[in-house]
>>> print(open('target-v7.csv').read())   # CSV, C-alpha atoms
chain,number,residue,atom,x,y,z
A,7,MET,CA,9.2,34.3,-43.9
A,8,SER,CA,11.3,33.8,-40.8
A,9,GLU,CA,11.8,36.2,-37.9
A,10,GLN,CA,15.2,37.0,-39.3
A,11,ASP,CA,13.7,38.1,-42.6
A,12,ASP,CA,11.0,40.3,-41.1
A,13,THR,CA,12.0,43.5,-42.8
A,14,ASP,CA,9.4,45.6,-41.0
A,15,LEU,CA,11.1,44.9,-37.7
A,16,SER,CA,14.7,44.9,-39.1
A,17,GLN,CA,14.1,48.4,-40.7
A,18,LEU,CA,13.1,49.8,-37.3
A,19,LEU,CA,16.2,48.5,-35.7
A,20,GLN,CA,18.5,50.8,-37.6
A,21,PRO,CA,20.2,53.7,-36.0
A,22,GLY,CA,18.3,57.0,-36.2
A,23,ARG,CA,14.8,55.3,-36.6
A,24,LEU,CA,13.8,55.4,-33.0
A,25,LYS,CA,13.9,59.2,-32.8
A,26,LYS,CA,11.3,59.4,-35.6
A,27,LEU,CA,8.8,57.1,-34.0
A,28,HIS,CA,5.6,58.6,-32.4
A,29,SER,CA,3.6,56.9,-29.8
A,30,SER,CA,-0.1,56.0,-30.3
A,31,ASN,CA,-0.5,54.8,-26.8
A,32,PRO,CA,-4.1,55.8,-25.6
A,33,LEU,CA,-2.8,57.5,-22.5
A,34,GLN,CA,-0.4,59.5,-24.7
A,35,LYS,CA,-3.4,60.7,-26.7
A,36,ILE,CA,-5.3,61.5,-23.5
A,37,LYS,CA,-2.4,63.5,-22.2
A,38,PHE,CA,-2.4,65.5,-25.4
A,39,TYR,CA,-6.2,66.0,-25.2
A,40,LEU,CA,-5.8,67.2,-21.6
A,41,ILE,CA,-3.3,69.8,-22.4
A,42,VAL,CA,-5.5,71.0,-25.3
A,43,SER,CA,-8.4,71.2,-22.8
A,44,VAL,CA,-6.3,73.3,-20.5
A,45,ILE,CA,-5.4,75.7,-23.3
A,46,TRP,CA,-9.0,75.9,-24.4
A,47,ALA,CA,-10.1,76.6,-20.8
A,48,VAL,CA,-7.8,79.5,-20.6
A,49,LEU,CA,-8.9,80.9,-24.0
A,50,ILE,CA,-12.6,80.4,-23.3
A,51,SER,CA,-12.3,82.0,-19.9
A,52,GLY,CA,-10.8,85.1,-21.6
A,53,LEU,CA,-13.7,85.1,-24.0
A,54,TYR,CA,-16.2,84.9,-21.2
A,55,ILE,CA,-14.6,87.8,-19.4
A,56,TYR,CA,-14.7,89.8,-22.6
A,57,ILE,CA,-18.4,89.0,-23.1
A,58,MET,CA,-19.2,89.9,-19.5
A,59,LEU,CA,-17.5,93.3,-19.9
A,60,ARG,CA,-19.1,93.8,-23.3
A,61,PHE,CA,-22.7,92.9,-22.1
A,62,PRO,CA,-22.7,93.9,-18.5
A,63,GLN,CA,-26.3,92.9,-17.8
A,64,TRP,CA,-26.8,90.8,-14.6
A,65,PRO,CA,-28.4,87.7,-16.2
A,66,VAL,CA,-25.5,87.4,-18.7
A,67,VAL,CA,-22.9,88.2,-16.0
A,68,LEU,CA,-24.5,85.6,-13.6
A,69,CYS,CA,-24.7,82.8,-16.2
A,70,LEU,CA,-21.3,83.5,-17.7
A,71,GLY,CA,-19.8,84.0,-14.2
A,72,VAL,CA,-21.0,80.5,-13.2
A,73,VAL,CA,-19.7,79.0,-16.5
A,74,LEU,CA,-16.4,80.9,-16.0
A,75,LEU,CA,-16.0,79.3,-12.6
A,76,PHE,CA,-16.7,75.8,-13.9
A,77,THR,CA,-14.3,76.4,-16.9
A,78,VAL,CA,-11.5,77.5,-14.6
A,79,TRP,CA,-12.3,74.5,-12.3
A,80,SER,CA,-12.3,72.0,-15.2
A,81,GLY,CA,-9.1,73.5,-16.6
A,82,TYR,CA,-7.5,73.1,-13.2
A,83,LYS,CA,-8.7,69.5,-12.9
A,84,ALA,CA,-7.5,68.7,-16.5
A,85,TYR,CA,-4.1,70.1,-15.6
A,86,VAL,CA,-3.9,68.0,-12.4
A,87,LEU,CA,-4.9,64.9,-14.4
A,88,TYR,CA,-2.4,65.8,-17.1
A,89,LYS,CA,0.4,65.9,-14.5
A,90,ASN,CA,-0.7,62.5,-13.1
A,91,VAL,CA,-1.2,60.5,-16.3
A,92,ASN,CA,1.9,58.6,-17.1
A,93,PRO,CA,1.7,57.3,-20.7
A,94,LEU,CA,5.0,55.4,-20.5
A,95,VAL,CA,4.8,51.7,-20.4
A,96,THR,CA,6.9,50.3,-17.6
A,97,GLY,CA,8.3,47.0,-16.6
A,98,ASN,CA,5.6,46.6,-13.9
A,99,SER,CA,3.3,43.6,-14.1
A,100,LEU,CA,0.8,43.4,-16.9
A,101,LEU,CA,-2.1,43.6,-14.5
A,102,ALA,CA,-0.8,46.8,-12.9
A,103,GLU,CA,-0.1,48.3,-16.3
A,104,MET,CA,-3.6,47.5,-17.6
A,105,GLU,CA,-5.2,48.9,-14.4
A,106,LYS,CA,-3.2,52.1,-14.7
A,107,GLN,CA,-4.4,52.6,-18.2
A,108,TYR,CA,-8.0,51.7,-17.4
A,109,GLU,CA,-8.1,54.1,-14.5
A,110,GLY,CA,-6.4,56.8,-16.5
A,111,ILE,CA,-9.0,56.7,-19.3
A,112,ASN,CA,-11.9,56.5,-16.8
A,113,ALA,CA,-10.6,59.5,-14.8
A,114,TRP,CA,-10.5,61.5,-18.1
A,115,MET,CA,-14.0,60.3,-19.0
A,116,GLU,CA,-15.4,61.2,-15.6
A,117,LEU,CA,-13.8,64.7,-15.8
A,118,GLN,CA,-15.4,65.2,-19.2
A,119,MET,CA,-18.8,64.1,-17.9
A,120,ARG,CA,-18.7,66.3,-14.8
A,121,VAL,CA,-17.8,69.3,-16.9
A,122,ALA,CA,-20.7,68.4,-19.3
A,123,VAL,CA,-23.3,68.1,-16.5
A,124,PHE,CA,-22.2,71.4,-14.8
A,125,ILE,CA,-21.4,73.6,-17.8
A,126,TYR,CA,-23.8,72.6,-20.6
A,127,PRO,CA,-27.0,73.9,-18.9
A,128,VAL,CA,-25.5,77.3,-17.9
A,129,ALA,CA,-23.8,77.6,-21.3
A,130,ALA,CA,-27.1,76.8,-23.1
A,131,ALA,CA,-28.9,79.4,-21.0
A,132,GLY,CA,-26.2,82.0,-21.5
A,133,GLY,CA,-26.0,81.4,-25.2
A,134,PHE,CA,-29.8,81.7,-25.5
A,135,MET,CA,-29.9,85.0,-23.6
A,136,ILE,CA,-27.0,86.6,-25.5
A,137,GLY,CA,-28.5,85.3,-28.8
A,138,GLY,CA,-31.9,86.6,-27.9
A,139,MET,CA,-30.5,90.0,-26.8
A,140,ILE,CA,-28.5,90.5,-29.9
A,141,GLY,CA,-31.2,89.2,-32.2
A,142,SER,CA,-34.0,91.2,-30.7
A,143,GLY,CA,-31.9,94.3,-30.0
A,144,LYS,CA,-33.7,94.6,-26.6
A,145,SER,CA,-32.4,94.2,-23.1
A,146,ILE,CA,-32.4,90.8,-21.4
A,147,ALA,CA,-34.8,92.0,-18.8
A,148,PHE,CA,-37.3,93.0,-21.5
A,149,PHE,CA,-36.5,89.9,-23.6
A,150,LEU,CA,-37.1,87.6,-20.6
A,151,SER,CA,-40.3,89.3,-19.4
A,152,LYS,CA,-42.3,87.5,-22.1
A,153,PRO,CA,-43.6,84.0,-20.9
A,154,PRO,CA,-43.1,82.4,-24.4
A,155,VAL,CA,-39.4,83.3,-24.2
A,156,ILE,CA,-39.0,81.7,-20.7
A,157,PHE,CA,-40.8,78.7,-22.1
A,158,ALA,CA,-38.5,78.6,-25.1
A,159,LEU,CA,-35.5,78.9,-22.8
A,160,ILE,CA,-36.6,75.9,-20.7
A,161,ILE,CA,-37.2,73.9,-23.8
A,162,CYS,CA,-33.8,74.9,-25.2
A,163,ILE,CA,-32.1,73.7,-22.0
A,164,LEU,CA,-34.1,70.5,-21.8
A,165,VAL,CA,-33.4,69.6,-25.4
A,166,LEU,CA,-29.8,70.8,-25.9
A,167,VAL,CA,-28.3,69.6,-22.6
A,168,PRO,CA,-29.2,65.9,-22.9
A,169,VAL,CA,-28.3,66.0,-26.7
A,170,CYS,CA,-24.9,67.4,-25.9
A,171,ILE,CA,-24.3,65.0,-23.0
A,172,TRP,CA,-25.4,62.1,-25.3
A,173,PHE,CA,-23.1,63.3,-28.0
A,174,ALA,CA,-20.2,63.6,-25.6
A,175,LYS,CA,-20.8,60.1,-24.4
A,176,TRP,CA,-21.1,58.8,-28.0
A,177,LEU,CA,-17.8,60.4,-28.9
A,178,PHE,CA,-16.1,58.9,-25.9
A,179,ARG,CA,-17.5,55.4,-26.7
A,180,LYS,CA,-16.4,55.8,-30.3
A,181,SER,CA,-12.8,56.8,-29.2
A,182,PHE,CA,-12.2,54.5,-26.2
A,183,GLY,CA,-15.3,52.4,-25.6
A,184,LYS,CA,-14.0,49.1,-27.2
A,185,HIS,CA,-10.6,49.6,-25.8
A,186,LEU,CA,-12.0,50.0,-22.3
A,187,VAL,CA,-14.1,46.9,-22.6
A,188,THR,CA,-11.1,44.9,-23.8
A,189,LEU,CA,-9.0,46.2,-20.9
A,190,LYS,CA,-11.7,45.4,-18.4
A,191,GLU,CA,-12.1,41.9,-19.8
A,192,ASN,CA,-8.4,41.3,-19.7
A,193,ILE,CA,-8.1,42.6,-16.1
A,194,ASP,CA,-11.0,40.4,-15.0
A,195,ALA,CA,-9.5,37.4,-16.8
A,196,LEU,CA,-6.2,37.8,-15.0
A,197,LYS,CA,-7.9,38.3,-11.7
A,198,GLY,CA,-10.0,35.2,-12.3
A,199,VAL,CA,-13.3,37.0,-12.4
A,200,ASP,CA,-15.8,35.1,-14.5
B,10,MET,CA,23.5,54.4,-22.6
B,11,SER,CA,23.6,54.8,-26.4
B,12,GLU,CA,21.0,54.0,-29.0
B,13,THR,CA,23.6,51.6,-30.6
B,14,GLN,CA,23.8,49.6,-27.3
B,15,PHE,CA,20.1,49.5,-27.0
B,16,LEU,CA,19.6,48.3,-30.6
B,17,GLU,CA,22.2,45.6,-30.2
B,18,GLN,CA,20.4,44.3,-27.1
B,19,VAL,CA,17.1,44.4,-28.9
B,20,ARG,CA,18.4,42.7,-32.0
B,21,ALA,CA,19.7,39.9,-29.9
B,22,SER,CA,16.1,39.4,-28.5
B,23,GLN,CA,14.1,40.5,-31.4
B,24,GLY,CA,12.4,37.1,-31.7
B,25,ILE,CA,10.4,38.0,-28.6
B,26,ILE,CA,8.9,41.1,-30.3
B,27,TYR,CA,8.3,39.2,-33.5
B,28,LYS,CA,6.6,36.3,-31.8
B,29,LEU,CA,4.4,38.3,-29.4
B,30,VAL,CA,3.3,40.8,-32.0
B,31,ALA,CA,2.4,37.9,-34.3
B,32,LEU,CA,0.2,36.5,-31.6
B,33,TYR,CA,-1.9,39.7,-31.3
B,34,ALA,CA,-1.7,41.7,-34.6
B,35,ALA,CA,-4.9,41.4,-36.7
B,36,ASP,CA,-3.1,42.3,-40.0
B,37,PRO,CA,0.2,43.3,-41.4
B,38,GLU,CA,-0.6,47.0,-40.9
B,39,GLU,CA,-1.3,46.5,-37.2
B,40,LYS,CA,1.8,44.4,-36.9
B,41,LYS,CA,3.9,47.3,-38.1
B,42,ASP,CA,2.2,49.7,-35.7
B,43,LEU,CA,2.8,47.3,-32.8
B,44,TYR,CA,6.5,46.9,-33.7
B,45,GLN,CA,6.9,50.7,-33.6
B,46,GLU,CA,5.1,51.1,-30.4
B,47,VAL,CA,6.9,48.3,-28.6
B,48,LEU,CA,10.3,49.6,-29.8
B,49,LEU,CA,9.4,53.2,-28.8
B,50,GLN,CA,8.2,52.1,-25.3
B,51,ALA,CA,11.2,49.9,-24.8
B,52,TRP,CA,13.5,52.8,-25.8
B,53,LYS,CA,11.8,55.2,-23.4
B,54,ALA,CA,11.8,52.7,-20.6
B,55,TRP,CA,15.4,51.6,-21.2
B,56,PRO,CA,17.0,54.1,-18.7
B,57,SER,CA,15.0,52.4,-16.0
B,58,PHE,CA,16.4,48.9,-16.9
B,59,ARG,CA,18.9,48.3,-14.1
B,60,GLY,CA,20.0,44.8,-15.2
B,61,ASP,CA,18.4,43.0,-12.1
B,62,ALA,CA,16.6,40.7,-14.5
B,63,LYS,CA,17.8,39.4,-17.9
B,64,PHE,CA,17.2,41.9,-20.8
B,65,SER,CA,15.1,39.4,-22.6
B,66,THR,CA,12.7,39.1,-19.6
B,67,TRP,CA,12.5,42.8,-19.3
B,68,LEU,CA,11.8,43.1,-23.0
B,69,TYR,CA,9.1,40.5,-22.7
B,70,ARG,CA,7.4,42.6,-20.0
B,71,ILE,CA,7.6,45.8,-22.0
B,72,CYS,CA,6.4,44.0,-25.1
B,73,LEU,CA,3.4,42.4,-23.4
B,74,ASN,CA,2.5,45.6,-21.5
B,75,THR,CA,2.6,47.6,-24.6
B,76,ILE,CA,0.6,45.2,-26.8
B,77,LEU,CA,-2.1,44.6,-24.2
B,78,THR,CA,-2.6,48.3,-23.4
B,79,GLN,CA,-2.6,49.4,-27.0
B,80,LYS,CA,-5.9,50.0,-28.9
B,81,ARG,CA,-6.1,47.2,-31.4
B,82,LYS,CA,-8.5,45.9,-34.0
B,83,ASN,CA,-11.2,43.7,-32.5
B,84,ASN,CA,-11.4,40.8,-34.9
B,85,PRO,CA,-8.1,39.0,-35.4
B,86,VAL,CA,-7.7,37.8,-39.0
B,87,GLU,CA,-5.1,35.4,-40.1
B,88,TYR,CA,-2.3,36.7,-42.2
B,89,LYS,CA,-0.1,34.0,-43.7
B,90,GLU,CA,3.4,35.5,-43.1
B,91,SER,CA,2.9,35.6,-39.3
B,92,LEU,CA,2.2,31.9,-39.0
B,93,GLU,CA,5.6,30.9,-37.8
B,94,PRO,CA,6.7,28.2,-35.4
B,95,VAL,CA,6.1,29.3,-31.8
B,96,SER,CA,8.9,27.3,-30.2
B,97,PRO,CA,12.6,27.7,-31.0
B,98,VAL,CA,13.0,24.5,-32.9
B,99,ILE,CA,16.1,24.6,-35.1
B,100,GLU,CA,15.2,22.2,-37.8
B,101,HIS,CA,11.7,21.5,-38.9
B,102,SER,CA,10.4,18.6,-40.8
B,103,SER,CA,7.3,19.4,-42.8
B,104,ILE,CA,5.2,17.6,-40.2
B,105,GLN,CA,6.8,19.5,-37.3
B,106,ARG,CA,6.3,22.7,-39.1
B,107,GLU,CA,2.6,21.9,-39.8
B,108,ASN,CA,2.1,21.0,-36.2
B,109,SER,CA,3.7,24.2,-35.1
B,110,VAL,CA,1.6,26.3,-37.4
B,111,SER,CA,-1.5,24.5,-36.1
B,112,LEU,CA,-0.5,25.2,-32.6
B,113,GLN,CA,0.1,28.9,-33.5
B,114,LYS,CA,-3.4,29.1,-35.0
B,115,ALA,CA,-4.9,27.4,-31.9
B,116,ILE,CA,-3.1,29.8,-29.6
B,117,ARG,CA,-4.5,32.7,-31.5
B,118,GLN,CA,-8.0,31.5,-30.7
B,119,LEU,CA,-7.4,31.7,-27.0
B,120,SER,CA,-8.2,34.8,-25.0
B,121,GLU,CA,-5.7,37.7,-25.0
B,122,THR,CA,-4.4,36.9,-21.5
B,123,ASP,CA,-4.2,33.2,-22.1
B,124,ARG,CA,-2.2,33.8,-25.2
B,125,ALA,CA,0.4,35.6,-23.1
B,126,LEU,CA,0.4,32.9,-20.5
B,127,ILE,CA,0.9,30.0,-22.9
B,128,SER,CA,3.5,31.9,-24.9
B,129,MET,CA,5.6,32.4,-21.7
B,130,HIS,CA,5.1,28.8,-20.8
B,131,LEU,CA,6.3,27.6,-24.2
B,132,ASP,CA,9.3,29.9,-23.8
B,133,GLY,CA,10.3,28.1,-20.7
B,134,TYR,CA,9.3,30.6,-18.0
B,135,ASP,CA,8.3,28.8,-14.7
B,136,ASN,CA,4.9,29.5,-13.0
B,137,SER,CA,6.4,31.9,-10.5
B,138,GLU,CA,8.1,34.0,-13.3
B,139,ILE,CA,4.9,34.0,-15.3
B,140,GLY,CA,3.0,35.1,-12.3
B,141,ASP,CA,5.5,37.9,-11.6
B,142,ILE,CA,5.2,39.2,-15.2
B,143,LEU,CA,1.4,39.0,-15.3
B,144,GLY,CA,0.8,40.2,-11.7
B,145,ILE,CA,-0.9,37.1,-10.4
B,146,SER,CA,0.2,34.3,-8.1
B,147,GLY,CA,2.1,31.2,-9.2
B,148,ASN,CA,-0.9,29.0,-8.1
B,149,HIS,CA,-3.3,31.0,-10.2
B,150,VAL,CA,-0.9,30.6,-13.2
B,151,ALA,CA,-0.9,26.8,-12.7
B,152,VAL,CA,-4.7,26.7,-12.7
B,153,LYS,CA,-5.0,28.9,-15.8
B,154,LEU,CA,-2.3,27.0,-17.6
B,155,HIS,CA,-4.2,23.7,-17.0
B,156,ARG,CA,-7.3,25.3,-18.5
B,157,CYS,CA,-5.3,26.7,-21.4
B,158,LYS,CA,-3.8,23.3,-22.2
B,159,GLN,CA,-7.3,21.7,-22.2
B,160,GLN,CA,-8.6,24.4,-24.5
B,161,LEU,CA,-5.7,23.9,-26.9
B,162,THR,CA,-6.1,20.1,-26.9
B,163,ASN,CA,-9.8,20.6,-27.8
B,164,LEU,CA,-8.9,23.1,-30.5
B,165,LEU,CA,-6.2,20.9,-32.0
B,166,THR,CA,-8.3,17.7,-32.0
B,167,ALA,CA,-11.5,19.3,-33.3
>>> encode(input="target-v7.csv", output="structure tokens")
Amino acid sequence: MSEQDDTDLSQLLQPGRLKKLHSSNPLQKIKFYLIVSVIWAVLISGLYIYIMLRFPQWPVVLCLGVVLLFTVWSGYKAYVLYKNVNPLVTGNSLLAEMEKQYEGINAWMELQMRVAVFIYPVAAAGGFMIGGMIGSGKSIAFFLSKPPVIFALIICILVLVPVCIWFAKWLFRKSFGKHLVTLKENIDALKGVD
Amino acid sequence: MSETQFLEQVRASQGIIYKLVALYAADPEEKKDLYQEVLLQAWKAWPSFRGDAKFSTWLYRICLNTILTQKRKNNPVEYKESLEPVSPVIEHSSIQRENSVSLQKAIRQLSETDRALISMHLDGYDNSEIGDILGISGNHVAVKLHRCKQQLTNLLTA
């Protein structure tokens, strides 16, 4: 088969085909994930506010208030990153283009990790308290006055938070790990780093 | 700038896309994906093409930038149909063709950045142009090219 006979390429070079193509560029995907994160942050914030109004007990309000602040903060950071990520490939040098992508993916990963570290512990505690309150039918003050419950809460945070962070990292590695390694290798190869 | 004009220009230089994709795609499925992505990125970037450089050089940049920033399969596998001569020789005797296919196979065994480098060298770009496209100095290109040629010699004589 010669290049002139490559039907896969020739078919794409027909009028009207370009408009039907969709990009699978990693930064394009990340941009999509970011806007989804912003939408979720808005929805979840609304849910937190509803729960705080529905269960106006100070431990719940305190935990969810902190989580709400972090959610709003993470939503804002996701929006800023969304505006800054440029998924279009340009005619810049290959090195600049690979560095742009490497930094874009890393910025997204760091944002996710920061959110995880700050939000997961408070979210776990908040979830534990609301669950306990609804399950036992007692107030949180009464519920938390028993030492075994405090002990269970600590265990819950100590187990759930690392598991969730590990799971988030695993998902990230599964999605972009190999790609990041390849990008780094190629960047180092071009820069002459052995 | 119309789609028709763009397609005309790309058709005239489609050998670049064909050749570069063949150097990096692991299988026919990935080859199709890369064609699509390269064309889409070139189409989106086309309004920024001011004609300072030749269209073919600009397409070369877009093509390389797209392929090397795309998530690809890790282990390249050989697929017969992509093994085409890498240099624009008009008539091939069977020996020439065999040599060219061997060269293509050897180039595929180089690292990803070295494949880009040697491909541009075979297409007649000088060290300064290659450096400009890759983002490194002309001297660095010369050193890397020397190493690539040594590697290719070893691969072809092994």
>>> atom_distance(input="target-v7.csv", atom1="atom CA of B:Asp132", atom2="atom CA of A:Ser29")
28.2 Å
>>> residues_around(input="target-v7.csv", residues="A:Val128", least_positions_apart="3", cutoff="8 Å", atoms="only C-alpha atoms", output="list in words")
Cys69, Leu70, Val72, Val73, Phe124, Ile125, Ala131 and Gly132 of chain A
>>> write_last_selection(input="target-v7.csv", atoms="C-alpha atoms", output="PDB file, in the coordinates of the input")
ATOM      1  CA  CYS A  69     -24.700  82.800 -16.200  1.00  0.00           C
ATOM      2  CA  LEU A  70     -21.300  83.500 -17.700  1.00  0.00           C
ATOM      3  CA  VAL A  72     -21.000  80.500 -13.200  1.00  0.00           C
ATOM      4  CA  VAL A  73     -19.700  79.000 -16.500  1.00  0.00           C
ATOM      5  CA  PHE A 124     -22.200  71.400 -14.800  1.00  0.00           C
ATOM      6  CA  ILE A 125     -21.400  73.600 -17.800  1.00  0.00           C
ATOM      7  CA  ALA A 131     -28.900  79.400 -21.000  1.00  0.00           C
ATOM      8  CA  GLY A 132     -26.200  82.000 -21.500  1.00  0.00           C
TER       9      GLY A 132
END
>>> closest_atom_pairs(input="target-v7.csv", of="chain A", to="chain B", cutoff="8 Å", atoms="all atoms listed in the file", output="CSV")
residue,atom,partner,partner_atom,distance
A:Met7,CA,B:Glu90,CA,6.0
A:Ser8,CA,B:Glu93,CA,7.1
A:Glu9,CA,B:Gly24,CA,6.3
A:Asp14,CA,B:Lys41,CA,6.4
A:Leu15,CA,B:Tyr44,CA,6.4
A:Leu18,CA,B:Gln45,CA,7.3
A:Leu19,CA,B:Leu16,CA,6.1
A:Gln20,CA,B:Leu16,CA,7.5
A:Pro21,CA,B:Thr13,CA,6.7
A:Leu24,CA,B:Leu49,CA,6.5
A:Leu27,CA,B:Leu49,CA,6.5
A:His28,CA,B:Leu49,CA,7.5
A:Ser29,CA,B:Glu46,CA,6.0
A:Ser30,CA,B:Glu46,CA,7.1
A:Asn31,CA,B:Gln79,CA,5.8
A:Pro32,CA,B:Gln79,CA,6.7
A:Leu94,CA,B:Gln50,CA,6.6
A:Val95,CA,B:Gln50,CA,6.0
A:Thr96,CA,B:Ala54,CA,6.2
A:Gly97,CA,B:Ile71,CA,5.6
A:Asn98,CA,B:Arg70,CA,7.5
A:Ser99,CA,B:Gly144,CA,4.9
A:Leu100,CA,B:Leu143,CA,4.7
A:Leu101,CA,B:Gly144,CA,5.3
A:Ala102,CA,B:Gly144,CA,6.9
A:Glu103,CA,B:Asn74,CA,6.4
A:Met104,CA,B:Thr78,CA,5.9
A:Gln107,CA,B:Thr78,CA,7.0
A:His185,CA,B:Lys80,CA,5.6
A:Leu189,CA,B:Thr78,CA,7.2
A:Asn192,CA,B:Thr122,CA,6.2
A:Ala195,CA,B:Thr122,CA,7.0
A:Leu196,CA,B:Thr122,CA,6.8
A:Lys197,CA,B:Ile145,CA,7.2
>>> atom_distance(input="target-v7.csv", atom1="atom CA of A:Ser145", atom2="atom CA of A:Phe61")
9.8 Å
>>> atom_distance(input="target-v7.csv", atom1="atom CA of B:Pro56", atom2="atom CA of A:Pro93")
15.8 Å
>>> residues_around(input="target-v7.csv", residues="stretch 175-183 of chain A", least_positions_apart="6", cutoff="8 Å", atoms="only C-alpha atoms", output="list in words")
Ile111, Met115 and Met119 of chain A
>>> residues_around(input="target-v7.csv", residues="A:Gln118", least_positions_apart="5", cutoff="9 Å", atoms="all atoms listed in the file", output="number ranges by chain")
A: 80, 113, 123, 174
>>> write_last_selection(input="target-v7.csv", atoms="C-alpha atoms", output="mmCIF file, in the coordinates of the input")
data_model
loop_
_atom_site.group_PDB
_atom_site.id
_atom_site.type_symbol
_atom_site.label_atom_id
_atom_site.label_comp_id
_atom_site.auth_asym_id
_atom_site.auth_seq_id
_atom_site.Cartn_x
_atom_site.Cartn_y
_atom_site.Cartn_z
ATOM 1 C CA SER A 80 -12.300 72.000 -15.200
ATOM 2 C CA ALA A 113 -10.600 59.500 -14.800
ATOM 3 C CA VAL A 123 -23.300 68.100 -16.500
ATOM 4 C CA ALA A 174 -20.200 63.600 -25.600
#
>>> residues_around(input="target-v7.csv", residues="stretch 148-155 of chain A", least_positions_apart="6", cutoff="8 Å", atoms="all atoms listed in the file", output="PyMOL selection string")
chain A and resi 138-139+142
>>> write_last_selection(input="target-v7.csv", atoms="C-alpha atoms", output="mmCIF file, keeping the file's coordinate frame")
data_model
loop_
_atom_site.group_PDB
_atom_site.id
_atom_site.type_symbol
_atom_site.label_atom_id
_atom_site.label_comp_id
_atom_site.auth_asym_id
_atom_site.auth_seq_id
_atom_site.Cartn_x
_atom_site.Cartn_y
_atom_site.Cartn_z
ATOM 1 C CA GLY A 138 -31.900 86.600 -27.900
ATOM 2 C CA MET A 139 -30.500 90.000 -26.800
ATOM 3 C CA SER A 142 -34.000 91.200 -30.700
#
>>> residues_near_point(input="target-v7.csv", point="(-3.1, 63.2, -17.1)", cutoff="10 Å", atoms="all atoms listed in the file", output="VMD selection string")
chain A and resid 33 to 41 83 to 93 110 to 111 113 to 114
>>> residues_around(input="target-v7.csv", residues="B:Leu165", least_positions_apart="2", cutoff="8 Å", atoms="only C-alpha atoms", output="list in words")
Ser111, Leu112, Ala115, Leu161, Thr162, Asn163 and Ala167 of chain B
>>> decode(input="target-v7.csv", residues="stretch 10-24 of chain B", atoms="N, CA and C atoms", output="JSON list (two decimals), in the first residue's frame")
[["chain", "number", "residue", "atom", "x", "y", "z"],
["B", 10, "MET", "N", -10.74, 31.82, 5.20],
["B", 10, "MET", "CA", -10.05, 30.61, 4.76],
["B", 10, "MET", "C", -11.01, 29.41, 4.80],
["B", 11, "SER", "N", -11.21, 28.81, 3.67],
["B", 11, "SER", "CA", -12.23, 27.77, 3.62],
["B", 11, "SER", "C", -11.65, 26.38, 3.89],
["B", 12, "GLU", "N", -12.57, 25.48, 4.17],
["B", 12, "GLU", "CA", -12.18, 24.09, 4.42],
["B", 12, "GLU", "C", -11.56, 23.51, 3.14],
["B", 13, "THR", "N", -12.11, 23.90, 1.99],
["B", 13, "THR", "CA", -11.60, 23.37, 0.72],
["B", 13, "THR", "C", -10.13, 23.77, 0.51],
["B", 14, "GLN", "N", -9.83, 25.04, 0.80],
["B", 14, "GLN", "CA", -8.44, 25.50, 0.65],
["B", 14, "GLN", "C", -7.52, 24.71, 1.57],
["B", 15, "PHE", "N", -7.99, 24.54, 2.82],
["B", 15, "PHE", "CA", -7.19, 23.81, 3.80],
["B", 15, "PHE", "C", -6.94, 22.37, 3.32],
["B", 16, "LEU", "N", -8.00, 21.71, 2.86],
["B", 16, "LEU", "CA", -7.87, 20.32, 2.42],
["B", 16, "LEU", "C", -6.94, 20.20, 1.22],
["B", 17, "GLU", "N", -7.00, 21.19, 0.33],
["B", 17, "GLU", "CA", -6.10, 21.18, -0.83],
["B", 17, "GLU", "C", -4.65, 21.22, -0.38],
["B", 18, "GLN", "N", -4.38, 22.11, 0.57],
["B", 18, "GLN", "CA", -3.00, 22.24, 1.06],
["B", 18, "GLN", "C", -2.56, 20.95, 1.74],
["B", 19, "VAL", "N", -3.45, 20.37, 2.55],
["B", 19, "VAL", "CA", -3.08, 19.15, 3.26],
["B", 19, "VAL", "C", -2.87, 18.00, 2.29],
["B", 20, "ARG", "N", -3.74, 17.90, 1.29],
["B", 20, "ARG", "CA", -3.59, 16.82, 0.31],
["B", 20, "ARG", "C", -2.22, 16.90, -0.36],
["B", 21, "ALA", "N", -1.79, 18.12, -0.64],
["B", 21, "ALA", "CA", -0.49, 18.29, -1.30],
["B", 21, "ALA", "C", 0.66, 17.84, -0.40],
["B", 22, "SER", "N", 0.44, 17.86, 0.93],
["B", 22, "SER", "CA", 1.51, 17.48, 1.86],
["B", 22, "SER", "C", 1.13, 16.27, 2.70],
["B", 23, "GLN", "N", 0.16, 15.50, 2.25],
["B", 23, "GLN", "CA", -0.33, 14.40, 3.10],
["B", 23, "GLN", "C", 0.72, 13.33, 3.37],
["B", 24, "GLY", "N", 1.75, 13.29, 2.53],
["B", 24, "GLY", "CA", 2.83, 12.32, 2.75],
["B", 24, "GLY", "C", 3.49, 12.52, 4.11]]
